[in-house]
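Trainee: There's a structure below that I have some questions on.
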Amino acid sequence: MKIAFFDAKPYDRPSFDKYGEMYGVKFKYFETKLNEDTVELAQGYDAICAFVNDIVNEAVIDRMVQMGINILALRCAGFNNVDMKYAFGKVHVLRVPAYSPYAVAEHTMALLLTSIRRIHKAYIRSRDFNFSLSGLTGFDLYGKTVGVVGTGRIGRVFIDICRGFGMKVLAYDKFPASGLDNGDTVRYVELDELFANSDIISLHCPLTEETQHLIDNEAIEKCKRGVVILNTSRGALVDAEALLNGIKSRKVGAACLDVYEEEADLFFEDNSGHILEDDTLARLISMPNVIVTSHQAFLTEEALENIAETTVKNLVGFSENRQCPNELCYRCQTTEDCKNGKCFE
Ligand code: NAI
């Protein structure tokens with residue numbers, strides 16, 4: 001199989017080359033992102049492999065169909081960048097539903113600890129032999145309440161980590177997981193109760209029409225003063241303007257963002273020599289209590305191995321059997337629910 005691999009980065013290649021060789025799949029790595037202007041590069045390939053900021057809209061899907069390509073292998077879990085409804089019946093969308101929930105959950109805790117213990121400030125100070133402690137006072141996590149929105153794979157690992165710190169957990173999920181609520185240290189509550197009673201709020205739900213701007217002015221208004229907001233899920237879960245206002249008014253005590261609503265043209269690239277056009281992001285980054293990482297929560301050796309292995313197995317499995325347990329369907333979102341893609345028939 002020959003695969004057109006978009007938005008390729010040097011760290012992708014070793015694991016994809018390894019599993020490609022094992023399963024007879026050849027990747028052509030294109031540095032450019034996939035969009036309606038670049039889809040042409042896939043001419044002559046059997047499938048397209050795409051990542052989180054590649055755009056798979058109607059125009060891209062139409063061109064794929066014209067070129068006879070009906071497999072899109074996402075090497076990520078989220079699929080909000082794909083017009084799933086339009087892809088239905090035209091292009092089979094395969095994904096990597098889980099590669100390392102630990103990678104993302106551990107990065108979330110790393111951001112939280114960095115922020116509240118002022119490690120990002122201390123690191124810079126001590127490099128300059130400034131050993132003053134002024135302004136570095138943090139707070140204990142022990143006994144604090146963390147609100148976790150989305151209790152899927154990553155959310156549950158994050159909850160376990162928080163429980164290890166002796167924190168109480170308020171959870172919210174559209175589809176609560178059975179056996180998680182123990183009526184004591186972990187309780188499912190409605191969103192408003194979570195907002196009102198959490199010292200820290202961490203987002204681990206997918207981006208959908210329903211969850212877009214879940215954290216907006218109104219939500220921030222309902223939060224405790226000094227709340228710490230963590231987003232390692234998808235940028236548009238948070239209204240960045242509202243977050244900035246919350247920071248400015250001191251209602252939000254700190255924010256840690258691994259994702260940003262308008263990240264597509266910025267994240268994963270070195271923009272240090274460019275003028276940043278996005279004033280909201282520039283202002284957020286300038287705040288002493290905001291930490292931004294560039295969608296790197298997934299980036300561990302274990303996750304990269306798992307992503308490559310699952311993507312290659314998805315491609316080979318689908319081309320041989322015309323079905324794959326990791327195929328997505330817009331009607332029910334996962335094939336676990338739609339019995340191996342039966343609703344495509
Ligand atoms: P998952 O599918 O295991 O869990 C998502 C949970 O969100 C489910 O329990 C689901 O019921 C819940 N949910 C769905 N709609 C909801 C709603 N309207 N309100 C509240 N909860 C809702 O997904 P997983 O693996 O835990 O990933 C979570 C998110 O993390 C992904 O959607 C993705 O956007 C993000 N992610 C970020 C990465 C990064 O590098 N920063 C890497 C991997 C995933």
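Here, A, B, ... name the chains of the structure tokens in the order displayed, residue numbers run from 1 inside each chain, and ligands are numbered from 1 in the same displayed order.
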Which polymer residues have any atom within 10 Å of an atom of range 276-279 of chain A, counting only C-alpha atoms, with same-chain residues fewer than 6 positions away left out, as a compact mmCIF listing (two decimals) with all heavy atoms, in the first residue's frame?
Mentor:
```
# COMPACT_ATOMS: atom_id res chain seq x y z
N GLU A 241 -11.29 34.39 24.35
CA GLU A 241 -11.55 35.78 24.78
C GLU A 241 -12.10 35.81 26.19
O GLU A 241 -11.68 36.63 27.03
CB GLU A 241 -12.62 36.42 23.88
CG GLU A 241 -12.17 37.07 22.60
CD GLU A 241 -11.13 38.17 22.77
OE1 GLU A 241 -11.18 38.97 23.72
OE2 GLU A 241 -10.25 38.17 21.91
N GLU A 262 -7.51 28.60 17.79
CA GLU A 262 -6.97 28.97 16.47
C GLU A 262 -5.56 28.42 16.29
O GLU A 262 -4.69 29.08 15.71
CB GLU A 262 -6.96 30.50 16.32
CG GLU A 262 -8.30 31.18 16.51
CD GLU A 262 -9.32 30.76 15.46
OE1 GLU A 262 -8.90 30.39 14.35
OE2 GLU A 262 -10.53 30.78 15.76
N GLU A 263 -5.32 27.21 16.79
CA GLU A 263 -3.95 26.69 16.79
C GLU A 263 -3.46 26.22 15.42
O GLU A 263 -2.25 26.12 15.20
CB GLU A 263 -3.82 25.52 17.78
CG GLU A 263 -4.51 24.23 17.30
CD GLU A 263 -4.34 23.06 18.28
OE1 GLU A 263 -4.51 23.27 19.49
OE2 GLU A 263 -4.05 21.95 17.81
N LEU A 266 -0.51 27.72 13.75
CA LEU A 266 0.60 28.11 14.63
C LEU A 266 1.30 26.92 15.29
O LEU A 266 2.52 26.79 15.23
CB LEU A 266 0.07 29.03 15.75
CG LEU A 266 -0.45 30.39 15.31
CD1 LEU A 266 -1.22 31.04 16.45
CD2 LEU A 266 0.72 31.28 14.91
N ILE A 285 -0.37 34.39 26.42
CA ILE A 285 0.99 33.92 26.67
C ILE A 285 1.77 34.92 27.53
O ILE A 285 2.64 34.52 28.30
CB ILE A 285 1.71 33.63 25.32
CG1 ILE A 285 1.11 32.36 24.68
CG2 ILE A 285 3.22 33.47 25.50
CD1 ILE A 285 1.63 32.03 23.30
```
Trainee: Tell me, counting only C-alpha atoms and all ligand atoms, for each residue of chain A within 7 Å of ligand 1, which pair of atoms is nearest and how far apart they are in Å to one decimal, in rows ordered by chain and increasing number, as JSON lines.
Mentor:
```
{"residue": "A:Cys76", "atom": "CA", "partner": "ligand 1", "partner_atom_place_in_ligand_line": "43 (C)", "distance": 6.6}
{"residue": "A:Ala77", "atom": "CA", "partner": "ligand 1", "partner_atom_place_in_ligand_line": "44 (C)", "distance": 5.6}
{"residue": "A:Gly78", "atom": "CA", "partner": "ligand 1", "partner_atom_place_in_ligand_line": "33 (C)", "distance": 4.7}
{"residue": "A:Pro97", "atom": "CA", "partner": "ligand 1", "partner_atom_place_in_ligand_line": "25 (O)", "distance": 6.3}
{"residue": "A:Ala98", "atom": "CA", "partner": "ligand 1", "partner_atom_place_in_ligand_line": "25 (O)", "distance": 5.5}
{"residue": "A:Pro101", "atom": "CA", "partner": "ligand 1", "partner_atom_place_in_ligand_line": "25 (O)", "distance": 6.1}
{"residue": "A:Val104", "atom": "CA", "partner": "ligand 1", "partner_atom_place_in_ligand_line": "39 (C)", "distance": 5.8}
{"residue": "A:Val149", "atom": "CA", "partner": "ligand 1", "partner_atom_place_in_ligand_line": "20 (C)", "distance": 5.6}
{"residue": "A:Gly150", "atom": "CA", "partner": "ligand 1", "partner_atom_place_in_ligand_line": "7 (O)", "distance": 3.8}
{"residue": "A:Thr151", "atom": "CA", "partner": "ligand 1", "partner_atom_place_in_ligand_line": "9 (O)", "distance": 4.5}
{"residue": "A:Gly152", "atom": "CA", "partner": "ligand 1", "partner_atom_place_in_ligand_line": "4 (O)", "distance": 3.2}
{"residue": "A:Arg153", "atom": "CA", "partner": "ligand 1", "partner_atom_place_in_ligand_line": "26 (O)", "distance": 3.8}
{"residue": "A:Ile154", "atom": "CA", "partner": "ligand 1", "partner_atom_place_in_ligand_line": "26 (O)", "distance": 3.7}
{"residue": "A:Gly155", "atom": "CA", "partner": "ligand 1", "partner_atom_place_in_ligand_line": "26 (O)", "distance": 5.5}
{"residue": "A:Tyr172", "atom": "CA", "partner": "ligand 1", "partner_atom_place_in_ligand_line": "20 (C)", "distance": 6.0}
{"residue": "A:Asp173", "atom": "CA", "partner": "ligand 1", "partner_atom_place_in_ligand_line": "21 (N)", "distance": 3.8}
{"residue": "A:Lys174", "atom": "CA", "partner": "ligand 1", "partner_atom_place_in_ligand_line": "20 (C)", "distance": 4.5}
{"residue": "A:Phe175", "atom": "CA", "partner": "ligand 1", "partner_atom_place_in_ligand_line": "11 (O)", "distance": 4.4}
{"residue": "A:Pro176", "atom": "CA", "partner": "ligand 1", "partner_atom_place_in_ligand_line": "11 (O)", "distance": 6.6}
{"residue": "A:Ala177", "atom": "CA", "partner": "ligand 1", "partner_atom_place_in_ligand_line": "9 (O)", "distance": 6.9}
{"residue": "A:His204", "atom": "CA", "partner": "ligand 1", "partner_atom_place_in_ligand_line": "28 (C)", "distance": 4.6}
{"residue": "A:Cys205", "atom": "CA", "partner": "ligand 1", "partner_atom_place_in_ligand_line": "7 (O)", "distance": 3.6}
{"residue": "A:Pro206", "atom": "CA", "partner": "ligand 1", "partner_atom_place_in_ligand_line": "32 (O)", "distance": 3.3}
{"residue": "A:Leu207", "atom": "CA", "partner": "ligand 1", "partner_atom_place_in_ligand_line": "34 (O)", "distance": 6.1}
{"residue": "A:Glu210", "atom": "CA", "partner": "ligand 1", "partner_atom_place_in_ligand_line": "18 (N)", "distance": 5.4}
{"residue": "A:Thr211", "atom": "CA", "partner": "ligand 1", "partner_atom_place_in_ligand_line": "18 (N)", "distance": 5.1}
{"residue": "A:Thr232", "atom": "CA", "partner": "ligand 1", "partner_atom_place_in_ligand_line": "41 (N)", "distance": 4.4}
{"residue": "A:Ser233", "atom": "CA", "partner": "ligand 1", "partner_atom_place_in_ligand_line": "35 (C)", "distance": 3.7}
{"residue": "A:Arg234", "atom": "CA", "partner": "ligand 1", "partner_atom_place_in_ligand_line": "34 (O)", "distance": 4.8}
{"residue": "A:Asp258", "atom": "CA", "partner": "ligand 1", "partner_atom_place_in_ligand_line": "41 (N)", "distance": 5.8}
{"residue": "A:Val259", "atom": "CA", "partner": "ligand 1", "partner_atom_place_in_ligand_line": "41 (N)", "distance": 6.3}
{"residue": "A:His295", "atom": "CA", "partner": "ligand 1", "partner_atom_place_in_ligand_line": "41 (N)", "distance": 5.0}
{"residue": "A:Gln296", "atom": "CA", "partner": "ligand 1", "partner_atom_place_in_ligand_line": "40 (O)", "distance": 5.2}
{"residue": "A:Ala297", "atom": "CA", "partner": "ligand 1", "partner_atom_place_in_ligand_line": "40 (O)", "distance": 4.0}
{"residue": "A:Phe298", "atom": "CA", "partner": "ligand 1", "partner_atom_place_in_ligand_line": "40 (O)", "distance": 3.8}
{"residue": "A:Leu299", "atom": "CA", "partner": "ligand 1", "partner_atom_place_in_ligand_line": "40 (O)", "distance": 6.9}
```
Trainee: For the residues in the current selection, export N, CA, C and O atoms as a compact mmCIF listing (two decimals), in the first residue's frame.
Mentor:
```
# COMPACT_ATOMS: atom_id res chain seq x y z
N CYS A 76 -4.72 10.01 15.00
CA CYS A 76 -5.09 10.69 16.24
C CYS A 76 -6.46 10.16 16.66
O CYS A 76 -7.09 9.40 15.92
N ALA A 77 -6.88 10.59 17.86
CA ALA A 77 -8.17 10.13 18.39
C ALA A 77 -9.31 11.08 17.96
O ALA A 77 -10.34 10.65 17.47
N GLY A 78 -9.07 12.39 18.12
CA GLY A 78 -10.10 13.39 17.81
C GLY A 78 -10.33 13.46 16.29
O GLY A 78 -9.44 13.18 15.50
N PRO A 97 -8.14 5.30 18.35
CA PRO A 97 -8.99 5.76 19.45
C PRO A 97 -8.23 5.98 20.75
O PRO A 97 -8.57 6.85 21.53
N ALA A 98 -7.20 5.16 20.98
CA ALA A 98 -6.43 5.33 22.22
C ALA A 98 -5.00 4.92 21.93
O ALA A 98 -4.76 3.89 21.33
N PRO A 101 -3.49 7.12 26.96
CA PRO A 101 -4.21 8.09 27.79
C PRO A 101 -3.29 8.63 28.88
O PRO A 101 -3.47 9.75 29.36
N VAL A 104 -1.38 11.93 27.88
CA VAL A 104 -2.14 13.18 27.96
C VAL A 104 -2.46 13.52 29.41
O VAL A 104 -2.31 14.67 29.85
N VAL A 149 -14.26 17.21 33.32
CA VAL A 149 -15.33 17.15 32.32
C VAL A 149 -14.92 16.14 31.25
O VAL A 149 -13.94 16.37 30.53
N GLY A 150 -15.63 15.03 31.18
CA GLY A 150 -15.26 13.95 30.25
C GLY A 150 -14.51 12.88 31.02
O GLY A 150 -13.36 13.09 31.43
N THR A 151 -15.19 11.76 31.27
CA THR A 151 -14.56 10.70 32.07
C THR A 151 -14.33 9.46 31.20
O THR A 151 -14.67 8.35 31.57
N GLY A 152 -13.77 9.71 30.01
CA GLY A 152 -13.38 8.60 29.13
C GLY A 152 -12.00 8.12 29.53
O GLY A 152 -11.59 8.22 30.69
N ARG A 153 -11.27 7.65 28.52
CA ARG A 153 -9.95 7.05 28.82
C ARG A 153 -9.01 8.03 29.53
O ARG A 153 -8.44 7.72 30.58
N ILE A 154 -8.86 9.23 28.95
CA ILE A 154 -7.90 10.19 29.52
C ILE A 154 -8.43 10.76 30.83
O ILE A 154 -7.70 10.83 31.83
N GLY A 155 -9.70 11.13 30.85
CA GLY A 155 -10.30 11.70 32.06
C GLY A 155 -10.15 10.76 33.25
O GLY A 155 -9.83 11.20 34.36
N TYR A 172 -18.12 15.25 35.42
CA TYR A 172 -19.31 15.42 34.57
C TYR A 172 -19.05 14.71 33.25
O TYR A 172 -17.97 14.83 32.67
N ASP A 173 -20.03 13.97 32.80
CA ASP A 173 -19.93 13.31 31.49
C ASP A 173 -21.34 13.14 30.96
O ASP A 173 -22.28 12.89 31.72
N LYS A 174 -21.48 13.30 29.65
CA LYS A 174 -22.80 13.11 29.04
C LYS A 174 -23.24 11.65 29.22
O LYS A 174 -24.41 11.35 29.34
N PHE A 175 -22.26 10.77 29.21
CA PHE A 175 -22.53 9.34 29.41
C PHE A 175 -21.66 8.84 30.57
O PHE A 175 -20.56 8.31 30.34
N PRO A 176 -22.10 9.03 31.81
CA PRO A 176 -21.27 8.67 32.96
C PRO A 176 -20.81 7.21 32.92
O PRO A 176 -21.54 6.33 32.46
N ALA A 177 -19.59 7.00 33.41
CA ALA A 177 -19.03 5.64 33.42
C ALA A 177 -19.53 4.92 34.67
O ALA A 177 -19.53 5.51 35.75
N HIS A 204 -11.66 16.99 29.40
CA HIS A 204 -11.25 15.76 28.71
C HIS A 204 -12.38 15.19 27.86
O HIS A 204 -12.47 13.98 27.67
N CYS A 205 -13.24 16.06 27.35
CA CYS A 205 -14.33 15.61 26.49
C CYS A 205 -13.99 15.99 25.05
O CYS A 205 -13.13 16.82 24.81
N PRO A 206 -14.64 15.36 24.07
CA PRO A 206 -14.35 15.73 22.68
C PRO A 206 -14.95 17.08 22.32
O PRO A 206 -15.84 17.57 23.02
N LEU A 207 -14.48 17.65 21.22
CA LEU A 207 -15.08 18.89 20.71
C LEU A 207 -16.24 18.52 19.80
O LEU A 207 -16.06 17.84 18.79
N GLU A 210 -22.00 20.59 20.80
CA GLU A 210 -22.49 20.74 22.18
C GLU A 210 -21.42 21.26 23.13
O GLU A 210 -21.72 21.99 24.07
N THR A 211 -20.17 20.85 22.90
CA THR A 211 -19.12 21.21 23.86
C THR A 211 -18.31 22.45 23.43
O THR A 211 -17.45 22.90 24.18
N THR A 232 -6.37 20.19 27.89
CA THR A 232 -5.47 19.41 27.03
C THR A 232 -6.31 18.61 26.04
O THR A 232 -5.85 17.60 25.52
N SER A 233 -7.53 19.07 25.78
CA SER A 233 -8.42 18.28 24.92
C SER A 233 -8.51 18.88 23.50
O SER A 233 -7.83 18.41 22.59
N ARG A 234 -9.33 19.90 23.34
CA ARG A 234 -9.41 20.59 22.05
C ARG A 234 -9.63 22.08 22.33
O ARG A 234 -10.42 22.45 23.20
N ASP A 258 -2.90 23.20 26.42
CA ASP A 258 -2.08 22.48 25.45
C ASP A 258 -2.69 22.62 24.06
O ASP A 258 -2.10 22.19 23.07
N VAL A 259 -3.87 23.17 24.02
CA VAL A 259 -4.61 23.33 22.77
C VAL A 259 -5.22 24.73 22.75
O VAL A 259 -5.46 25.31 23.81
N HIS A 295 0.23 21.65 21.81
CA HIS A 295 -0.43 20.37 21.52
C HIS A 295 0.56 19.21 21.62
O HIS A 295 0.68 18.40 20.71
N GLN A 296 1.28 19.18 22.74
CA GLN A 296 2.33 18.17 22.89
C GLN A 296 1.96 17.09 23.90
O GLN A 296 2.77 16.20 24.18
N ALA A 297 0.74 17.16 24.44
CA ALA A 297 0.39 16.21 25.51
C ALA A 297 0.54 14.75 25.05
O ALA A 297 0.87 13.88 25.84
N PHE A 298 0.31 14.51 23.77
CA PHE A 298 0.37 13.12 23.28
C PHE A 298 1.80 12.63 23.08
O PHE A 298 2.03 11.44 22.90
N LEU A 299 2.77 13.56 23.10
CA LEU A 299 4.08 13.27 22.53
C LEU A 299 5.01 12.52 23.49
O LEU A 299 5.91 13.08 24.09
```
Trainee: Could you check which of A:Ala236, A:Ala47, A:Val82, A:Ala255 is closest to Leu113 in chain A, using only C-alpha atoms?
Mentor: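 Nearest candidate to Leu113 in chain A out of A:Ala236, A:Ala47, A:Val82, A:Ala255: A:Ala255.
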Trainee: Between A:Met109, A:Leu72, A:Asp140, A:Tyr123, which has the minimum distance to Arg95 in chain A (counting only C-alpha atoms)?
Mentor: A:Leu72
Trainee: Just the helix (DSSP H, G or I) stuff from range 24-244 of chain A, please, per backbone DSSP, written as a ChimeraX atom specification.
Mentor: /A:39-42,58-66,84-87,101-116,119-127,153-164,191-197,217-222,235-237,240-244
Trainee: Can you pull out the residues contacting Arg118 in chain A? Cut-off 8 Å, using only C-alpha atoms, and skip same-chain residues under 4 positions away; I want them as a PyMOL selection string.
Mentor: chain A and resi 113-114+122+136-138
Trainee: I need the residues of range 59-280 of chain A that end up classed as strand (DSSP E or B) by DSSP on the backbone, written out as a PyMOL selection string.
Mentor: chain A and resi 71-74+82+92-94+145-149+168-172+186-188+200-203+215+227-231+238+252-257
Trainee: Residues within 12 Å of Ala110 in chain A, please, as number ranges by chain. Count only C-alpha atoms; anything in the same chain fewer than 6 positions from it doesn't count.
Mentor: A: 102-104, 116-120, 158, 161-162, 230, 232, 256-258, 291, 293, 296-297
Trainee: May I ask which of the residues A:Ala282, A:Ile48, A:Leu94, A:Val60 is the closest one to Glu36 in chain A, counting only C-alpha atoms?
Mentor: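 Checking each of A:Ala282, A:Ile48, A:Leu94, A:Val60 against Glu36 in chain A, counting only C-alpha atoms, the winner is A:Val60.
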Trainee: Would you mind listing what lies within 10 Å of Pro14 in chain A as number ranges by chain, with only C-alpha atoms counted and same-chain residues fewer than 3 positions away left out?
Mentor: A: 10-11, 17-20, 304-305, 308
Trainee: For those residues, write C-alpha atoms to a file as a PDB file, in the first residue's frame.
Mentor:
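Below you can see result.pdb, which holds the result:
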```
ATOM      1  CA  PRO A  10      10.629  14.298  11.966  1.00  0.00           C
ATOM      2  CA  TYR A  11       9.374  12.544  15.111  1.00  0.00           C
ATOM      3  CA  ASP A  17       8.847   3.549   8.858  1.00  0.00           C
ATOM      4  CA  LYS A  18       9.264   0.677  11.332  1.00  0.00           C
ATOM      5  CA  TYR A  19       5.646  -0.507  11.229  1.00  0.00           C
ATOM      6  CA  GLY A  20       5.321   0.301   7.524  1.00  0.00           C
ATOM      7  CA  LEU A 304       4.215   7.495  18.969  1.00  0.00           C
ATOM      8  CA  GLU A 305       4.813   3.723  18.779  1.00  0.00           C
ATOM      9  CA  ALA A 308       2.090   4.150  14.189  1.00  0.00           C
TER      10      ALA A 308
END
```
Trainee: Compare A:Ile61, A:Asn314, A:Phe16, A:Asn197 by their minimum atom-to-atom distance to Asn35 in chain A, counting only C-alpha atoms, and give me the closest one.
Mentor: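 Of A:Ile61, A:Asn314, A:Phe16, A:Asn197, the one nearest Asn35 in chain A, counting only C-alpha atoms, is A:Ile61.
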Trainee: Could you give me, as a tab-separated table (two decimals) with all heavy atoms, in the first residue's frame, the residues within 8 Å of range 27-32 of chain A, counting only C-alpha atoms and dropping anything in the same chain fewer than 5 positions from it?
Mentor:
```tsv
chain	number	residue	atom	x	y	z
A	2	LYS	N	0.45	2.26	-0.74
A	2	LYS	CA	1.18	3.54	-0.77
A	2	LYS	C	0.30	4.61	-0.11
A	2	LYS	O	-0.85	4.81	-0.54
A	2	LYS	CB	1.47	3.95	-2.21
A	2	LYS	CG	2.53	3.08	-2.90
A	2	LYS	CD	2.93	3.69	-4.24
A	2	LYS	CE	1.69	3.94	-5.08
A	2	LYS	NZ	1.86	4.73	-6.27
A	3	ILE	N	0.86	5.26	0.89
A	3	ILE	CA	0.04	6.20	1.66
A	3	ILE	C	0.63	7.61	1.59
A	3	ILE	O	1.83	7.81	1.82
A	3	ILE	CB	0.01	5.79	3.16
A	3	ILE	CG1	-0.27	4.29	3.33
A	3	ILE	CG2	-1.01	6.65	3.93
A	3	ILE	CD1	-1.60	3.81	2.81
A	4	ALA	N	-0.23	8.58	1.29
A	4	ALA	CA	0.19	10.00	1.33
A	4	ALA	C	0.02	10.50	2.77
A	4	ALA	O	-1.09	10.54	3.29
A	4	ALA	CB	-0.67	10.82	0.38
A	5	PHE	N	1.13	10.86	3.40
A	5	PHE	CA	1.16	11.19	4.83
A	5	PHE	C	1.34	12.70	4.97
A	5	PHE	O	2.40	13.24	4.64
A	5	PHE	CB	2.35	10.43	5.43
A	5	PHE	CG	2.48	10.44	6.92
A	5	PHE	CD1	2.24	9.28	7.65
A	5	PHE	CD2	2.94	11.55	7.60
A	5	PHE	CE1	2.41	9.25	9.04
A	5	PHE	CE2	3.11	11.54	8.97
A	5	PHE	CZ	2.85	10.39	9.69
A	6	PHE	N	0.31	13.38	5.42
A	6	PHE	CA	0.35	14.86	5.48
A	6	PHE	C	0.78	15.34	6.86
A	6	PHE	O	0.68	14.64	7.85
A	6	PHE	CB	-1.03	15.44	5.13
A	6	PHE	CG	-1.31	15.38	3.65
A	6	PHE	CD1	-1.85	14.22	3.08
A	6	PHE	CD2	-1.00	16.44	2.82
A	6	PHE	CE1	-2.10	14.15	1.71
A	6	PHE	CE2	-1.24	16.38	1.45
A	6	PHE	CZ	-1.79	15.23	0.90
A	7	ASP	N	1.28	16.59	6.88
A	7	ASP	CA	1.73	17.26	8.11
A	7	ASP	C	2.79	16.41	8.83
A	7	ASP	O	2.77	16.26	10.06
A	7	ASP	CB	0.52	17.53	9.03
A	7	ASP	CG	0.82	18.63	10.04
A	7	ASP	OD1	1.87	19.30	9.90
A	7	ASP	OD2	0.02	18.82	10.98
A	8	ALA	N	3.71	15.87	8.03
A	8	ALA	CA	4.74	14.97	8.60
A	8	ALA	C	5.77	15.76	9.38
A	8	ALA	O	6.20	16.84	8.97
A	8	ALA	CB	5.42	14.21	7.47
A	9	LYS	N	6.15	15.22	10.52
A	9	LYS	CA	7.18	15.82	11.36
A	9	LYS	C	8.29	14.79	11.55
A	9	LYS	O	8.03	13.58	11.49
A	9	LYS	CB	6.59	16.19	12.73
A	9	LYS	CG	5.53	17.28	12.66
A	9	LYS	CD	6.17	18.65	12.44
A	9	LYS	CE	5.16	19.77	12.41
A	9	LYS	NZ	4.33	19.84	11.22
A	16	PHE	N	6.66	5.18	12.05
A	16	PHE	CA	5.86	4.82	10.86
A	16	PHE	C	6.70	4.01	9.87
A	16	PHE	O	6.19	3.07	9.24
A	16	PHE	CB	5.25	6.08	10.21
A	16	PHE	CG	3.93	6.44	10.84
A	16	PHE	CD1	3.88	7.33	11.90
A	16	PHE	CD2	2.75	5.87	10.41
A	16	PHE	CE1	2.68	7.64	12.52
A	16	PHE	CE2	1.54	6.17	11.00
A	16	PHE	CZ	1.50	7.06	12.07
A	17	ASP	N	7.99	4.35	9.74
A	17	ASP	CA	8.85	3.55	8.86
A	17	ASP	C	8.96	2.12	9.39
A	17	ASP	O	8.89	1.15	8.63
A	17	ASP	CB	10.24	4.19	8.74
A	17	ASP	CG	10.22	5.39	7.80
A	17	ASP	OD1	9.26	5.52	7.03
A	17	ASP	OD2	11.16	6.22	7.87
A	20	GLY	N	5.58	0.39	8.96
A	20	GLY	CA	5.32	0.30	7.52
A	20	GLY	C	6.11	-0.86	6.91
A	20	GLY	O	5.57	-1.66	6.14
A	38	THR	N	-3.81	21.22	-1.15
A	38	THR	CA	-2.71	20.25	-1.13
A	38	THR	C	-3.15	18.81	-1.37
A	38	THR	O	-2.31	17.94	-1.59
A	38	THR	CB	-1.97	20.30	0.23
A	38	THR	OG1	-2.91	19.98	1.27
A	38	THR	CG2	-1.38	21.68	0.49
```
Trainee: What is the CA of Val65 in chain A-CA of Pro325 in chain A distance in Å, reported with one decimal?
Mentor: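 Computing it gives 22.5 Å between the two atoms.
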